[in-house]
There are 2 protein chains.
Amino acid sequence: MDHPDLVESSSRGLRHAEEALERYFVLAKRRAEQWGDGYLKLWNVIEQNTSGGKRFRPRMVMTAYVSLGGDDLPAAGQLAAAYEMLHTALIVHDDVIDRDFVRRGIPNVSGSYRDQATTAGFATPAAEHRGMSVAVIAGDLALSGAYGLVDRTGADDVTRLRLRELLDGAVSASAAGELADVDFSLRPEAPTVDEVVDMERLKTAVYSFEAPLQSGAVLAGADDATVTALGEFGRLIGIAYQIVDDVLGVFGDERSTGKSTIGDLREGKRTVLVSYASTREEWMRVRELFGSPALEEDGAEKIRAVLEECGARAYTEALARDYANRAWEALTSPSIPVATRDELRPIVANVLERAR
Amino acid sequence: MDHPDLVESSSRGLRHAEEALERYFVLAKRRAEQWGDGYLKLWNVIEQNTSGGKRFRPRMVMTAYVSLGGDDLPAAGQLAAAYEMLHTALIVHDDVIDRDFVRRGIPNVSGSYRDQATTAGFATPAAEHRGMSVAVIAGDLALSGAYGLVDRTGADDVTRLRLRELLDGAVSASAAGELADVDFSLRPEAPTVDEVVDMERLKTAVYSFEAPLQSGAVLAGADDATVTALGEFGRLIGIAYQIVDDVLGVFGDERSTGKSTIGDLREGKRTVLVSYASTREEWMRVRELFGSPALEEDGAEKIRAVLEECGARAYTEALARDYANRAWEALTSPSIPVATRDELRPIVANVLERAR
C-alpha cells in the first residue's frame with residue numbers, strides 16, 4: 001500500500017496528526033532514556049519507521065472528521081496518530097512473519113538490527129534472529145502506542161469507548177487476516193479469489209480504511225447511519241485499493257510505485273491475480289517459477305505473460321473496478337453528507353484510474 | 001517464574017479476576033467466530049495459554065486492592081485480568097524470541113501451531129516458522145486484550161489514566177528488559193551482575209510485582225505515598241524473586257518447580273549465577289559447555305559443580321536474601337497499612353525460604 005499518488009485526498013488537519021506523533025515520540029523517548037541507550041535507540045528506530053510514510057490512515061481519520069464538521073483538530077490529530085502507530089505495529093510484525101528485512105528499499109526494524117549484528121561479525125542466522133527479535137519488541141511498543149493515543153482525545157466516555165471498540169476491531173481483524181495469510185502458505189492448493197479478498201479486507205482494509213473513517217466520524221459526533229455508511233464505503237474502497245495494489249506489485253511502474261515488481265512473484269504472494277490464474281491451464285507453465293526464491297527477471301516476465309494470457313490480469317482489474325464502482329455507489333448514501341462525499345470521491349477516482 | 005508454592009498469598013477476590021477473564025474470552029471468541037474457524041481456534045489456543053497459570057499477577061492486584069480497603073471486586077477483577085493478559089502477551093512473544101516451543105512441558109502457541117504443521121507433513125523450518133508467525137499474532141491479540149481490560153474498571157477518568165500509565169510503563173519496561181536480554185546474547189563477554197539485575201527487574205519484576213501492586217492500590221484509592229511504597233516493595237521483592245528463580249532453574253527440584261534444571265544452562269541464559277561465575281577462574285573449565293545445545297546431564301552436573309565451587313551459588317543466594325530483606329524493610333514503611341503488610345509478608349518469607 002501507500003503509493004504516494006493514491007493519497008492525494010484532503011490533507012486538512014494532517015499537521016495535527018504529525019504534531020500528535022511528535023509529542024508521542026518526545027514523551028516515549030523521555031521515558032526510554034532512563035532505561036539505557038539501547039532502549040532509546042530502539043525508540044529512534046521506531047520513529048524512523050513511522051515517518052516517511054504518506055500518512056494514509058491519518059488522512060482517512062482527518063478527512064472524515066473535518067468534512068463531518070469536527071472542529072477540535074488537536075483531538076482528531078491524536079486519533080489519527082493512533083492509526084499511524086497501529087500501521088507501524090502491523091507492518092513491523094508483518095515483516096517478521098514474512099521474514100522481510102527491507103521496506104521501500106530501506107532496512108526496516110528487523111533489517112536495521114540485523115545489519116548492525118552482521119557488521120559486528122555475527123553469522124547471518126544469528127543476525128537475522130536478532131533483527132526479528134527486536135522487531136517483535138518494537139511492534140509491541142507501537143501497538144501499545146496506538147492504544148495510548150486513541151484514549152487521549154479528551155472525548156467523553158461514550159465516544160471514547162466507541163473509538164476503543166473500533167481500534168480493538170481493527171486489531172482483531174488484522175490478526176484474523178494475517179492468520180489467514182499465514183495459513184494460505186501451508187495449503188497445497190491456491191486460495192480462491194473470495195478467500196483472498198476476505199483475507200485482504202481483514203488484513204488491510206479494515207485498519208486502513210473502515211476503522212479510520214469510522215473513528216473520525218465518531219469523534220466528529222456523526223450519527224450511526226453515517227458511521228455505518230462510511231464503514232461500507234471503507235470496506236469496498238479498501239478491497240479495491242488492495243486488489244489494485246497487488247496488480248501494481250506485478251505489473252506496476254517501479255519508478256512510480258517505488259516497489260519492485262518481482263518481489264511478490266518471488267515470495268509467492270497470494271493475490272487475486274494468482275488465485276484466478278491457478279485455475280487456468282496456462283498456469284502450469286509457470287507454477288514452478290512462482291514463489292521460487294531464485295526467480296529472476298526473465299522468469300518473472302514469463303509469469304507476467306501467463307497472467308495476461310490466461311485473463312488473470314483483466315479479471316483482476318475488472319474486479320478492482322467493480323469494487324471501486326460499488327464504493328462510488330456507497331458514497332451516494334443519503335447518510336453521507338455532500339462535503340464528505342466530495343472529499344472521498346477523488347480516492348475512488350484514483351483507484352479507478354490505476355485499475356486502467 | 002510462577003512456581004506454585006511461591007504464590008500462596010491471599011487469593012481473596014481472585015474469583016473476580018477469573019470471571020473477568022472468562023467474560024473477556026467469551027466476547028473475544030464471539031467476535032472471532034465471524035472471521036472463520038481458524039481465527040476462532042487461535043482464540044481457543046490463547047485462552048488455553050492463559051489458563052493453568054497461578055494467576056500470580058492477578059493475586060498482586062487483588063491483594064493490594066482488598067487489603068487497602070477496595071470493595072468493588074468486579075472492577076478489581078477486570079484490572080487483575082488485564083495483567084494476566086499482559087503476562088500472556090509477554091511470554092508468548094518471549095517464546096518467539098527465545099525460539100521456545102514448549103512451556104512447562106506443554107506446547108505453547110508456537111509449539112501448537114508448529115506441531116500441527118509438522119503433522120500435516122511440513123518440514124521443520126517451515127513448521128517452526130508457521131508456529132512463530134502465529135505466536136506473533138497471538139501475542140498482539142493478548143496485548144490488545146490487556147489494554148481492553150484495564151480500561152473497563154469503570155473508574156473515574158483520573159484513576160483510569162493512572163492505571164493506563166502504569167500499564168504503559170509496564171509494557172515499556174518489559175520491552176526495555178527484553179531488548180537488554182537480546183543484546184546480552186550478542187556480546188562476547190558476560191553481562192555484569194548489575195546489568196543482569198537491571199534486565200530482570202525491567203523484563204519481569206515491573207510487570208509482575210510493581211505495576212500490579214501499584215495498580216491495585218490506585219484503584220483502591222490509596223494515597224501517593226502508599227502507591228510509591230508499594231512500588232519500592234514490588235521492585236525489591238520482584239528482583240529477589242527472579243534471582244531465586246534463576247537459582248532454582250539450575251539447582252531446583254524439578255518435581256516441585258515443574259521446570260527442567262538443564263534448560264537454562266543449555267540455552268546459555270544470562271543470570272546472576274553465570275555473571276558472577278564468569279569472573280572466576282574455575283569458570284574456564286565449563287565455559288564451552290555453557291550454552292551448548294548438545295549439553296547433557298553430565299555436562300550440566302559439571303557446570304553446577306563449578307557454580308558451587310567458585311562461590312556463585314552462595315553469592316547469588318545471598319544477593320536474593322539481601323533483596324528479600326530489603327523488601328521486608330520496605331514493608332515497614334508507615335505508608336503501608338498493617339493489613340497490606342500482613343498480606344505481603346508471606347511472599348517475602350517464601351522467597352527467603354527458597355533462597356535457603
# chains A, B, ... in the order shown; residues from 1 in each chain; ligands from 1
>>> residues_around(residues="B:Trp328", least_positions_apart="2", cutoff="9 Å", atoms="only C-alpha atoms", output="ChimeraX atom specification")
/B:233,236-237,323-326,330-332,344-345,348-349
>>> interface_residues(of="chain A", to="chain B", cutoff="8 Å", atoms="only C-alpha atoms", output="number ranges by chain")
A: 32, 35, 38-39, 93, 96-97, 117, 129-130, 132-134, 136-138, 140-141, 143-144, 147-148, 164, 168, 171-173, 175-176, 178-180, 182, 186
>>> closest_atom_pairs(of="stretch 266-342 of chain B", to="stretch 66-82 of chain B", cutoff="9 Å", atoms="only C-alpha atoms", output="Markdown table")
| residue | atom | partner | partner_atom | distance |
| --- | --- | --- | --- | --- |
| B:Ile336 | CA | B:Leu68 | CA | 8.9 |
| B:Pro337 | CA | B:Leu68 | CA | 7.4 |
| B:Val338 | CA | B:Ser67 | CA | 8.8 |
| B:Ala339 | CA | B:Ser67 | CA | 5.6 |
| B:Thr340 | CA | B:Ser67 | CA | 4.9 |
| B:Arg341 | CA | B:Ser67 | CA | 8.6 |
| B:Asp342 | CA | B:Ser67 | CA | 8.9 |
>>> select_by_dssp(residues="stretch 215-316 of chain B", states="alpha helix (DSSP H)", output="count of residues only")
66
>>> residues_around(residues="B:Leu213", least_positions_apart="2", cutoff="9 Å", atoms="only C-alpha atoms", output="MDAnalysis selection string")
chainID B and resid 57 59:65 208:211 215:218 227 230:231 234
>>> atom_distance(atom1="atom CA of B:Glu309", atom2="atom CA of B:Val196")
21.2 Å
>>> closest_residue(among="B:Glu282, B:Arg266, B:Val109, B:Phe184", to="B:Lys41", atoms="only C-alpha atoms")
B:Val109
>>> closest_residue(among="B:Asp37, B:Glu84, B:Glu296, B:Glu353", to="B:Phe56", atoms="only C-alpha atoms")
B:Glu84
>>> atom_distance(atom1="atom CA of B:Ala17", atom2="atom CA of A:Thr159")
26.6 Å
>>> residues_around(residues="B:Val193", least_positions_apart="6", cutoff="10 Å", atoms="only C-alpha atoms", output="PyMOL selection string")
chain B and resi 199+270-277+316
>>> closest_residue(among="A:Phe101, A:Tyr207, A:Ile243, A:Arg162", to="A:Gly221", atoms="only C-alpha atoms")
A:Arg162
>>> atom_distance(atom1="atom CA of A:Arg114", atom2="atom CA of A:Glu128")
5.0 Å
>>> closest_residue(among="A:Val45, A:Ala327, A:Leu265, A:Ala314", to="A:Glu301", atoms="only C-alpha atoms")
A:Leu265
>>> residues_around(residues="B:Ala294", least_positions_apart="6", cutoff="12 Å", atoms="only C-alpha atoms", output="PyMOL selection string")
chain B and resi 262-263+265-268+288+300
>>> write_last_selection(atoms="C-alpha atoms", output="PDB file, in the first residue's frame")
ATOM      1  CA  ILE B 262      19.188 -28.217  32.319  1.00  0.00           C
ATOM      2  CA  GLY B 263      17.244 -25.823  30.030  1.00  0.00           C
ATOM      3  CA  LEU B 265      22.302 -23.995  31.069  1.00  0.00           C
ATOM      4  CA  ARG B 266      21.714 -25.375  27.599  1.00  0.00           C
ATOM      5  CA  GLU B 267      20.349 -22.131  26.230  1.00  0.00           C
ATOM      6  CA  GLY B 268      23.064 -20.082  27.943  1.00  0.00           C
ATOM      7  CA  GLU B 288      32.452 -24.232  26.492  1.00  0.00           C
ATOM      8  CA  ALA B 300      25.211 -29.838  33.424  1.00  0.00           C
TER       9      ALA B 300
END
>>> select_by_dssp(residues="stretch 69-250 of chain A", states="strand (DSSP E or B)", output="MDAnalysis selection string")
chainID A and resid 102:103 106:107
>>> write_last_selection(atoms="N, CA and C atoms", output="PDB file, in the first residue's frame")
ATOM      1  N   VAL A 102      13.613  -5.462   4.568  1.00  0.00           N
ATOM      2  CA  VAL A 102      13.663  -4.200   3.827  1.00  0.00           C
ATOM      3  C   VAL A 102      12.223  -3.779   3.537  1.00  0.00           C
ATOM      4  N   ARG A 103      11.974  -2.499   3.621  1.00  0.00           N
ATOM      5  CA  ARG A 103      10.668  -1.976   3.193  1.00  0.00           C
ATOM      6  C   ARG A 103      10.899  -0.688   2.424  1.00  0.00           C
ATOM      7  N   ILE A 106      14.519   0.430   2.041  1.00  0.00           N
ATOM      8  CA  ILE A 106      15.289   0.856   3.220  1.00  0.00           C
ATOM      9  C   ILE A 106      15.185  -0.244   4.277  1.00  0.00           C
ATOM     10  N   PRO A 107      16.259  -0.488   5.020  1.00  0.00           N
ATOM     11  CA  PRO A 107      16.159  -1.518   6.061  1.00  0.00           C
ATOM     12  C   PRO A 107      15.027  -1.166   7.036  1.00  0.00           C
TER      13      PRO A 107
END
